[in-house]
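These notes concern the structure reproduced below.
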There are 2 protein chains.
Amino acid sequence: MSDGDVSYARTPRTTPTRYKDRATWEQAAIHAILDSTYLCHLGFVADGAPVVLPTIFARVGDRLYIHGSTGSRPLRGAKGDQGLPVCVTVTLVDALVLTKSAFNHSVNFRSVVAHGTAHQVTDPVELSVALDALVDQAVPGRSAEVRPANAKELAATAVVRLDLDEVSAKTRADGADDDEADLDLPYWSGVVPVTTGYGAPVPDASATVPLPAHLRDLTR
Amino acid sequence: MSDGDVSYARTPRTTPTRYKDRATWEQAAIHAILDSTYLCHLGFVADGAPVVLPTIFARVGDRLYIHGSTGSRPLRGAKGDQGLPVCVTVTLVDALVLTKSAFNHSVNFRSVVAHGTAHQVTDPVELSVALDALVDQAVPGRSAEVRPANAKELAATAVVRLDLDEVSAKTRADGADDDEADLDLPYWSGVVPVTTGYGAPVPDASATVPLPAHLRDLTR
């Protein structure tokens, strides 16, 4: 089996109830989606109710590191040996898909949903690796050109680890899918690409070096 | 009290444990963030574990309508009189904030987190309003220039309603915040704007009318 064929195991909760043809468990496809961004939504249960917080993550191999800065609540739960049941979801929108009927409108997207138990990273070496990875996930190469975290900062950094195990991706990458009976209606239909990018970097007054290569690469 | 001063009530779970100065409960600020996008992350609890799914939403007054197409699981829970406890989170990233230390890196963002009990929309009139709002949230004005949903389509549309009540926003809109001791380090620091926009619309073969004004407005 080649690397491209490696897949995560399917479970009931990673098997969608609808649009099953949009789902994949293939490791390479899932990693590619995760590596296209740095923003995730972290879900957990607090006092029996769901909580969803945005935060940043990094992928290192088959592991996600998730930054806890959006609130200390999830981190408290992830401190013990039991860990914290979480759902981590990553979503990229690629296009609006506009049809002649309101009903058939859709969105082209790529998403990953990972279920599992998160544990707080306490080992200083792993924490240092995770913090570098969090910086590099958004700006590849940057962690080598900043001051690394010192012991005090590492102790103040809250990161949880989630092993990728029960995980799937869903994607839609297609055109407008109108009903046959609607095709002659006098309305516009088609795809509107959604674009994301970077504006020109704005240096801080303290930036005394020219724009480094890792930012020229990112923003060109 | 002017409209701009209307705020949602604070509760323990809409009061952040960290960075309290970044939080607001002001209705106008929360609505403005919600109205800047159409993508949300819907969190709920299934078999005791958290689930977070991406989907689209629309705001109509103090109410969110959330499309259930990402899976029927949450919708089943929202069908009964009891409804389904949910957390709906909306996040916009505005910039990467890069500092001279790895530790002080940050993100400029705007986010809204709404807690409550979602109920499935079953009334055909409300469902029709919700479906139009879902189309218009992404492309203002479009619902008037498509074929409206018929009875069969409305019956097949899964939408849940969440009243905005226990809701807050968090924002960061600031520059690089380095430690005094790091300011002279020979590294770049500053802000990299994150941009989102639209590419040129790609008409479907069946699009027999020119690009309508609602799409010229959106994509210019």
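Ordered as shown in the structure tokens, chains take letters A, B, and onward, while each chain numbers its residues from 1 and ligands are numbered from 1 in the order shown.
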Output chain A as an mmCIF file with C-alpha atoms, in the first residue's frame, after least-squares fitting it to chain B on all in-order C-alpha pairs.
```cif
data_model
loop_
_atom_site.group_PDB
_atom_site.id
_atom_site.type_symbol
_atom_site.label_atom_id
_atom_site.label_comp_id
_atom_site.auth_asym_id
_atom_site.auth_seq_id
_atom_site.Cartn_x
_atom_site.Cartn_y
_atom_site.Cartn_z
ATOM 1 C CA MET A 1 -30.673 54.561 26.046
ATOM 2 C CA SER A 2 -29.806 54.736 22.356
ATOM 3 C CA ASP A 3 -29.841 51.650 20.157
ATOM 4 C CA GLY A 4 -26.073 51.530 20.203
ATOM 5 C CA ASP A 5 -26.091 50.966 23.934
ATOM 6 C CA VAL A 6 -28.350 47.910 23.917
ATOM 7 C CA SER A 7 -26.467 44.938 25.288
ATOM 8 C CA TYR A 8 -27.193 41.290 25.846
ATOM 9 C CA ALA A 9 -27.146 40.185 29.468
ATOM 10 C CA ARG A 10 -23.854 38.771 30.725
ATOM 11 C CA THR A 11 -23.821 35.272 32.146
ATOM 12 C CA PRO A 12 -20.985 33.224 33.636
ATOM 13 C CA ARG A 13 -20.393 31.415 30.367
ATOM 14 C CA THR A 14 -20.358 34.566 28.257
ATOM 15 C CA THR A 15 -17.854 36.199 30.592
ATOM 16 C CA PRO A 16 -14.339 35.229 29.484
ATOM 17 C CA THR A 17 -11.802 34.072 32.012
ATOM 18 C CA ARG A 18 -8.971 35.842 30.165
ATOM 19 C CA TYR A 19 -8.561 39.034 28.110
ATOM 20 C CA LYS A 20 -11.831 40.430 29.462
ATOM 21 C CA ASP A 21 -11.182 43.760 27.755
ATOM 22 C CA ARG A 22 -11.581 42.025 24.395
ATOM 23 C CA ALA A 23 -15.169 40.994 25.162
ATOM 24 C CA THR A 24 -18.381 42.842 24.399
ATOM 25 C CA TRP A 25 -22.056 42.134 24.880
ATOM 26 C CA GLU A 26 -23.182 45.107 22.827
ATOM 27 C CA GLN A 27 -25.930 44.157 20.409
ATOM 28 C CA ALA A 28 -24.756 46.393 17.551
ATOM 29 C CA ALA A 29 -21.192 45.070 17.722
ATOM 30 C CA ILE A 30 -22.373 41.461 17.819
ATOM 31 C CA HIS A 31 -24.792 41.929 14.926
ATOM 32 C CA ALA A 32 -22.084 43.635 12.853
ATOM 33 C CA ILE A 33 -19.759 40.648 13.241
ATOM 34 C CA LEU A 34 -22.521 38.167 12.432
ATOM 35 C CA ASP A 35 -23.509 40.162 9.358
ATOM 36 C CA SER A 36 -19.945 40.058 8.005
ATOM 37 C CA THR A 37 -20.105 36.379 7.159
ATOM 38 C CA TYR A 38 -22.345 33.376 6.570
ATOM 39 C CA LEU A 39 -20.221 30.514 7.934
ATOM 40 C CA CYS A 40 -20.676 29.293 11.484
ATOM 41 C CA HIS A 41 -19.575 26.318 13.530
ATOM 42 C CA LEU A 42 -22.451 24.550 15.242
ATOM 43 C CA GLY A 43 -21.622 22.647 18.412
ATOM 44 C CA PHE A 44 -23.871 20.140 20.143
ATOM 45 C CA VAL A 45 -23.537 17.072 22.340
ATOM 46 C CA ALA A 46 -24.142 13.602 20.892
ATOM 47 C CA ASP A 47 -23.911 10.559 23.154
ATOM 48 C CA GLY A 48 -22.161 12.707 25.740
ATOM 49 C CA ALA A 49 -19.405 13.867 23.385
ATOM 50 C CA PRO A 50 -18.962 17.220 21.646
ATOM 51 C CA VAL A 51 -19.594 17.551 17.906
ATOM 52 C CA VAL A 52 -18.686 20.657 15.878
ATOM 53 C CA LEU A 53 -19.936 20.957 12.301
ATOM 54 C CA PRO A 54 -19.487 23.812 9.835
ATOM 55 C CA THR A 55 -22.624 25.144 8.252
ATOM 56 C CA ILE A 56 -24.230 28.357 7.048
ATOM 57 C CA PHE A 57 -26.419 30.683 9.075
ATOM 58 C CA ALA A 58 -28.443 33.864 8.690
ATOM 59 C CA ARG A 59 -29.315 36.537 11.228
ATOM 60 C CA VAL A 60 -32.874 37.873 11.234
ATOM 61 C CA GLY A 61 -33.254 40.397 14.033
ATOM 62 C CA ASP A 62 -32.326 38.710 17.287
ATOM 63 C CA ARG A 63 -32.560 35.258 15.835
ATOM 64 C CA LEU A 64 -30.120 32.961 14.033
ATOM 65 C CA TYR A 65 -31.285 30.476 11.425
ATOM 66 C CA ILE A 66 -28.821 27.647 10.971
ATOM 67 C CA HIS A 67 -28.853 25.306 8.005
ATOM 68 C CA GLY A 68 -28.891 21.635 8.863
ATOM 69 C CA SER A 69 -27.440 20.256 5.677
ATOM 70 C CA THR A 70 -24.150 19.247 7.247
ATOM 71 C CA GLY A 71 -25.788 16.250 8.841
ATOM 72 C CA SER A 72 -29.127 15.269 10.183
ATOM 73 C CA ARG A 73 -27.907 14.422 13.679
ATOM 74 C CA PRO A 74 -28.382 17.869 15.242
ATOM 75 C CA LEU A 75 -31.716 18.277 13.540
ATOM 76 C CA ARG A 76 -33.157 15.145 15.055
ATOM 77 C CA GLY A 77 -32.376 16.558 18.496
ATOM 78 C CA ALA A 78 -33.915 19.910 17.670
ATOM 79 C CA LYS A 79 -37.216 18.428 16.510
ATOM 80 C CA GLY A 80 -38.814 17.853 19.886
ATOM 81 C CA ASP A 81 -40.296 20.462 22.203
ATOM 82 C CA GLN A 82 -37.203 20.319 24.368
ATOM 83 C CA GLY A 83 -34.927 21.456 21.570
ATOM 84 C CA LEU A 84 -31.199 20.923 21.351
ATOM 85 C CA PRO A 85 -28.587 22.746 23.458
ATOM 86 C CA VAL A 86 -26.127 24.295 21.030
ATOM 87 C CA CYS A 87 -23.204 26.662 20.833
ATOM 88 C CA VAL A 88 -22.919 28.627 17.589
ATOM 89 C CA THR A 89 -19.569 30.280 16.911
ATOM 90 C CA VAL A 90 -18.665 32.704 14.136
ATOM 91 C CA THR A 91 -15.047 33.724 13.569
ATOM 92 C CA LEU A 92 -13.359 36.201 11.239
ATOM 93 C CA VAL A 93 -9.571 36.450 11.096
ATOM 94 C CA ASP A 94 -8.307 39.944 10.225
ATOM 95 C CA ALA A 95 -4.539 39.697 10.611
ATOM 96 C CA LEU A 96 -1.572 37.694 11.809
ATOM 97 C CA VAL A 97 0.253 39.579 14.557
ATOM 98 C CA LEU A 98 3.941 38.704 14.510
ATOM 99 C CA THR A 99 6.236 39.561 17.388
ATOM 100 C CA LYS A 100 9.938 39.181 18.083
ATOM 101 C CA SER A 101 9.236 36.391 20.557
ATOM 102 C CA ALA A 102 7.402 33.200 19.649
ATOM 103 C CA PHE A 103 5.324 33.582 22.806
ATOM 104 C CA ASN A 104 3.731 36.952 21.995
ATOM 105 C CA HIS A 105 2.468 36.049 18.525
ATOM 106 C CA SER A 106 -1.238 36.662 18.172
ATOM 107 C CA VAL A 107 -4.120 36.998 15.735
ATOM 108 C CA ASN A 108 -6.446 39.928 15.128
ATOM 109 C CA PHE A 109 -9.941 38.528 14.949
ATOM 110 C CA ARG A 110 -13.638 39.094 15.529
ATOM 111 C CA SER A 111 -15.722 36.276 16.962
ATOM 112 C CA VAL A 112 -19.199 35.698 18.333
ATOM 113 C CA VAL A 113 -20.203 32.811 20.579
ATOM 114 C CA ALA A 114 -23.919 32.185 21.149
ATOM 115 C CA HIS A 115 -25.288 29.643 23.625
ATOM 116 C CA GLY A 116 -28.849 28.422 23.794
ATOM 117 C CA THR A 117 -31.410 25.860 22.796
ATOM 118 C CA ALA A 118 -32.079 25.390 19.104
ATOM 119 C CA HIS A 119 -35.466 24.409 17.749
ATOM 120 C CA GLN A 120 -36.260 23.086 14.332
ATOM 121 C CA VAL A 121 -38.242 25.473 12.151
ATOM 122 C CA THR A 122 -41.412 23.684 11.063
ATOM 123 C CA ASP A 123 -43.792 26.498 10.132
ATOM 124 C CA PRO A 124 -43.720 26.806 6.314
ATOM 125 C CA VAL A 125 -43.894 30.616 6.379
ATOM 126 C CA GLU A 126 -41.001 30.921 8.845
ATOM 127 C CA LEU A 127 -39.080 28.282 6.905
ATOM 128 C CA SER A 128 -39.491 30.267 3.705
ATOM 129 C CA VAL A 129 -38.259 33.441 5.435
ATOM 130 C CA ALA A 130 -35.297 31.499 6.850
ATOM 131 C CA LEU A 131 -34.341 29.986 3.508
ATOM 132 C CA ASP A 132 -34.435 33.414 1.831
ATOM 133 C CA ALA A 133 -32.340 34.827 4.666
ATOM 134 C CA LEU A 134 -29.766 32.039 4.270
ATOM 135 C CA VAL A 135 -29.391 32.909 0.577
ATOM 136 C CA ASP A 136 -29.226 36.652 1.279
ATOM 137 C CA GLN A 137 -26.744 36.326 4.164
ATOM 138 C CA ALA A 138 -24.061 35.238 1.689
ATOM 139 C CA VAL A 139 -25.290 37.256 -1.306
ATOM 140 C CA PRO A 140 -27.500 40.183 -0.275
ATOM 141 C CA GLY A 141 -30.418 40.646 -2.643
ATOM 142 C CA ARG A 142 -30.159 37.271 -4.308
ATOM 143 C CA SER A 143 -33.290 35.630 -2.855
ATOM 144 C CA ALA A 144 -35.422 37.995 -4.960
ATOM 145 C CA GLU A 145 -33.800 36.744 -8.156
ATOM 146 C CA VAL A 146 -34.109 32.980 -7.852
ATOM 147 C CA ARG A 147 -36.984 30.549 -7.931
ATOM 148 C CA PRO A 148 -38.389 30.397 -4.391
ATOM 149 C CA ALA A 149 -38.597 27.052 -2.663
ATOM 150 C CA ASN A 150 -41.751 25.064 -3.305
ATOM 151 C CA ALA A 151 -43.646 23.088 -0.671
ATOM 152 C CA LYS A 152 -41.717 19.893 -1.342
ATOM 153 C CA GLU A 153 -38.365 21.691 -1.045
ATOM 154 C CA LEU A 154 -39.407 23.460 2.153
ATOM 155 C CA ALA A 155 -40.355 20.103 3.640
ATOM 156 C CA ALA A 156 -36.871 18.819 2.763
ATOM 157 C CA THR A 157 -35.085 21.865 4.220
ATOM 158 C CA ALA A 158 -33.712 21.437 7.712
ATOM 159 C CA VAL A 159 -33.244 24.735 9.540
ATOM 160 C CA VAL A 160 -32.930 25.370 13.251
ATOM 161 C CA ARG A 161 -33.659 28.605 15.069
ATOM 162 C CA LEU A 162 -31.553 29.991 17.911
ATOM 163 C CA ASP A 163 -32.671 33.141 19.706
ATOM 164 C CA LEU A 164 -29.767 35.469 20.462
ATOM 165 C CA ASP A 165 -29.862 35.857 24.203
ATOM 166 C CA GLU A 166 -26.772 34.422 25.860
ATOM 167 C CA VAL A 167 -24.197 35.770 23.417
ATOM 168 C CA SER A 168 -20.945 37.694 23.437
ATOM 169 C CA ALA A 169 -18.259 38.848 21.031
ATOM 170 C CA LYS A 170 -14.505 38.976 21.344
ATOM 171 C CA THR A 171 -12.216 41.042 19.184
ATOM 172 C CA ARG A 172 -8.529 41.848 18.913
ATOM 173 C CA ALA A 173 -7.516 44.700 16.617
ATOM 174 C CA ASP A 174 -4.074 45.781 17.652
ATOM 175 C CA GLY A 175 -0.415 45.764 16.721
ATOM 176 C CA ALA A 176 2.493 43.589 17.774
ATOM 177 C CA ASP A 177 2.815 43.612 21.541
ATOM 178 C CA ASP A 178 6.386 42.694 22.328
ATOM 179 C CA ASP A 179 7.971 42.632 25.738
ATOM 180 C CA GLU A 180 10.067 45.745 26.393
ATOM 181 C CA ALA A 181 13.157 43.564 26.706
ATOM 182 C CA ASP A 182 12.615 42.104 23.212
ATOM 183 C CA LEU A 183 12.226 45.346 21.262
ATOM 184 C CA ASP A 184 15.862 45.574 20.194
ATOM 185 C CA LEU A 185 16.129 41.986 18.969
ATOM 186 C CA PRO A 186 17.019 41.808 15.259
ATOM 187 C CA TYR A 187 13.737 40.259 14.138
ATOM 188 C CA TRP A 188 10.828 41.524 12.074
ATOM 189 C CA SER A 189 7.641 42.371 13.926
ATOM 190 C CA GLY A 190 4.348 43.751 12.734
ATOM 191 C CA VAL A 191 0.976 42.881 11.335
ATOM 192 C CA VAL A 192 0.127 40.883 8.212
ATOM 193 C CA PRO A 193 -3.441 41.639 7.091
ATOM 194 C CA VAL A 194 -5.540 38.603 6.188
ATOM 195 C CA THR A 195 -7.786 39.369 3.239
ATOM 196 C CA THR A 196 -10.903 37.626 2.010
ATOM 197 C CA GLY A 197 -12.778 38.403 -1.132
ATOM 198 C CA TYR A 198 -14.335 37.025 -4.257
ATOM 199 C CA GLY A 199 -12.927 35.999 -7.602
ATOM 200 C CA ALA A 200 -14.656 36.641 -10.903
ATOM 201 C CA PRO A 201 -17.989 34.789 -11.030
ATOM 202 C CA VAL A 202 -17.926 31.757 -13.334
ATOM 203 C CA PRO A 203 -21.307 31.362 -15.051
ATOM 204 C CA ASP A 204 -22.836 27.947 -15.506
ATOM 205 C CA ALA A 205 -23.622 26.882 -19.074
ATOM 206 C CA SER A 206 -27.290 27.425 -18.223
ATOM 207 C CA ALA A 207 -26.806 31.048 -17.104
ATOM 208 C CA THR A 208 -28.609 32.908 -19.854
ATOM 209 C CA VAL A 209 -28.767 36.306 -18.156
ATOM 210 C CA PRO A 210 -25.864 38.701 -17.593
ATOM 211 C CA LEU A 211 -24.285 39.004 -14.162
ATOM 212 C CA PRO A 212 -26.987 40.536 -11.946
ATOM 213 C CA ALA A 213 -26.426 43.646 -9.811
ATOM 214 C CA HIS A 214 -26.398 41.627 -6.578
ATOM 215 C CA LEU A 215 -23.308 39.782 -7.827
ATOM 216 C CA ARG A 216 -21.640 42.848 -9.320
ATOM 217 C CA ASP A 217 -21.990 44.514 -5.900
ATOM 218 C CA LEU A 218 -20.605 41.492 -4.087
ATOM 219 C CA THR A 219 -17.579 40.859 -6.253
ATOM 220 C CA ARG A 220 -16.332 44.278 -7.263
#
```
Exercise for the section: List every residue of region 79-184 of chain A that DSSP, applied to the backbone of this structure, places in helix (DSSP H, G or I), and write the result as a VMD selection string. Expected result: chain A and resid 124 to 138 142 to 145 151 to 155 180 to 182
Could those residues be written to a file, using C-alpha atoms, as a compact mmCIF listing (two decimals), in the first residue's frame?
```txt
# COMPACT_ATOMS: atom_id res chain seq x y z
CA PRO A 124 8.78 21.27 28.29
CA VAL A 125 10.45 19.73 25.23
CA GLU A 126 7.12 18.77 23.63
CA LEU A 127 5.69 22.16 24.58
CA SER A 128 8.57 23.91 22.85
CA VAL A 129 8.04 21.81 19.70
CA ALA A 130 4.31 22.58 19.83
CA LEU A 131 4.81 26.31 20.24
CA ASP A 132 7.22 26.40 17.28
CA ALA A 133 4.73 24.39 15.24
CA LEU A 134 1.92 26.82 16.11
CA VAL A 135 4.03 29.72 14.82
CA ASP A 136 5.08 27.82 11.69
CA GLN A 137 1.56 26.57 10.88
CA ALA A 138 0.51 30.14 10.08
CA ARG A 142 9.07 31.85 11.14
CA SER A 143 9.87 29.95 14.36
CA ALA A 144 13.55 29.94 13.35
CA GLU A 145 13.60 33.73 13.19
CA ALA A 151 11.01 28.48 30.66
CA LYS A 152 8.65 31.02 32.20
CA GLU A 153 6.79 31.50 28.90
CA LEU A 154 6.53 27.76 28.31
CA ALA A 155 5.02 27.37 31.76
CA GLU A 180 -33.47 19.86 -14.93
CA ALA A 181 -36.79 21.69 -14.77
CA ASP A 182 -35.09 24.91 -13.60
```
Exercise for the section: Based on DSSP run over this structure's backbone, return all residues of region 40-197 of chain A in strand (DSSP E or B), as a VMD selection string. Expected result: chain A and resid 40 to 46 49 to 60 63 to 67 84 to 98 101 106 to 120 147 159 to 163 166 to 172 190 to 197
Just write the chosen residues, C-alpha atoms, as a JSON list (two decimals), in the first residue's frame.
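This is the output file again00.json:
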```
[["chain", "number", "residue", "atom", "x", "y", "z"],
["A", 40, "CYS", "CA", -9.78, 25.60, 14.12],
["A", 41, "HIS", "CA", -12.93, 25.46, 16.19],
["A", 42, "LEU", "CA", -12.51, 23.50, 19.40],
["A", 43, "GLY", "CA", -15.63, 21.91, 20.84],
["A", 44, "PHE", "CA", -15.98, 20.47, 24.32],
["A", 45, "VAL", "CA", -18.70, 19.92, 26.90],
["A", 46, "ALA", "CA", -18.91, 22.15, 29.98],
["A", 49, "ALA", "CA", -23.61, 21.95, 27.41],
["A", 50, "PRO", "CA", -21.59, 22.33, 24.21],
["A", 51, "VAL", "CA", -18.94, 25.06, 23.91],
["A", 52, "VAL", "CA", -17.21, 25.97, 20.64],
["A", 53, "LEU", "CA", -14.22, 28.32, 20.72],
["A", 54, "PRO", "CA", -12.01, 29.50, 17.87],
["A", 55, "THR", "CA", -8.31, 29.02, 18.32],
["A", 56, "ILE", "CA", -5.15, 28.16, 16.41],
["A", 57, "PHE", "CA", -3.71, 24.71, 15.87],
["A", 58, "ALA", "CA", -0.70, 23.01, 14.30],
["A", 59, "ARG", "CA", -0.35, 19.55, 12.80],
["A", 60, "VAL", "CA", 2.79, 17.58, 13.64],
["A", 63, "ARG", "CA", -1.04, 14.85, 16.09],
["A", 64, "LEU", "CA", -2.78, 18.21, 16.49],
["A", 65, "TYR", "CA", -1.54, 20.82, 18.94],
["A", 66, "ILE", "CA", -4.25, 23.26, 19.90],
["A", 67, "HIS", "CA", -3.58, 26.58, 21.57],
["A", 84, "LEU", "CA", -10.99, 16.14, 27.80],
["A", 85, "PRO", "CA", -13.29, 14.79, 25.06],
["A", 86, "VAL", "CA", -13.11, 17.26, 22.19],
["A", 87, "CYS", "CA", -14.14, 17.76, 18.60],
["A", 88, "VAL", "CA", -11.76, 19.85, 16.49],
["A", 89, "THR", "CA", -13.14, 21.19, 13.22],
["A", 90, "VAL", "CA", -11.28, 22.97, 10.44],
["A", 91, "THR", "CA", -13.17, 24.56, 7.56],
["A", 92, "LEU", "CA", -12.10, 26.28, 4.35],
["A", 93, "VAL", "CA", -14.67, 27.88, 2.06],
["A", 94, "ASP", "CA", -13.67, 27.83, -1.63],
["A", 95, "ALA", "CA", -16.72, 29.17, -3.44],
["A", 96, "LEU", "CA", -20.36, 30.14, -3.28],
["A", 97, "VAL", "CA", -22.41, 27.92, -5.58],
["A", 98, "LEU", "CA", -25.43, 29.81, -6.88],
["A", 101, "SER", "CA", -33.55, 27.83, -7.26],
["A", 106, "SER", "CA", -24.52, 25.37, -1.99],
["A", 107, "VAL", "CA", -20.95, 26.08, -0.93],
["A", 108, "ASN", "CA", -17.71, 24.54, -2.15],
["A", 109, "PHE", "CA", -15.65, 23.75, 0.91],
["A", 110, "ARG", "CA", -13.04, 21.53, 2.51],
["A", 111, "SER", "CA", -13.48, 20.52, 6.14],
["A", 112, "VAL", "CA", -11.94, 18.15, 8.65],
["A", 113, "VAL", "CA", -13.64, 16.94, 11.82],
["A", 114, "ALA", "CA", -11.51, 15.15, 14.43],
["A", 115, "HIS", "CA", -12.92, 13.47, 17.53],
["A", 116, "GLY", "CA", -10.93, 12.30, 20.51],
["A", 117, "THR", "CA", -9.58, 13.02, 23.95],
["A", 118, "ALA", "CA", -7.27, 15.99, 24.35],
["A", 119, "HIS", "CA", -4.47, 16.07, 26.88],
["A", 120, "GLN", "CA", -2.57, 19.07, 28.08],
["A", 147, "ARG", "CA", 13.23, 34.52, 20.11],
["A", 159, "VAL", "CA", -1.46, 23.70, 24.60],
["A", 160, "VAL", "CA", -3.46, 20.51, 24.26],
["A", 161, "ARG", "CA", -2.58, 17.50, 22.14],
["A", 162, "LEU", "CA", -5.09, 15.49, 20.12],
["A", 163, "ASP", "CA", -3.96, 12.37, 18.28],
["A", 166, "GLU", "CA", -11.08, 9.23, 14.59],
["A", 167, "VAL", "CA", -11.06, 11.83, 11.82],
["A", 168, "SER", "CA", -12.64, 12.44, 8.45],
["A", 169, "ALA", "CA", -12.80, 15.13, 5.78],
["A", 170, "LYS", "CA", -15.64, 16.38, 3.65],
["A", 171, "THR", "CA", -15.27, 18.36, 0.47],
["A", 172, "ARG", "CA", -17.47, 19.82, -2.24],
["A", 190, "GLY", "CA", -22.67, 29.59, -11.47],
["A", 191, "VAL", "CA", -19.81, 29.67, -9.04],
["A", 192, "VAL", "CA", -18.31, 32.66, -7.22],
["A", 193, "PRO", "CA", -14.79, 31.83, -6.00],
["A", 194, "VAL", "CA", -14.03, 32.83, -2.42],
["A", 195, "THR", "CA", -10.46, 34.07, -2.11],
["A", 196, "THR", "CA", -8.25, 34.45, 0.92],
["A", 197, "GLY", "CA", -4.84, 35.99, 1.00]]
```
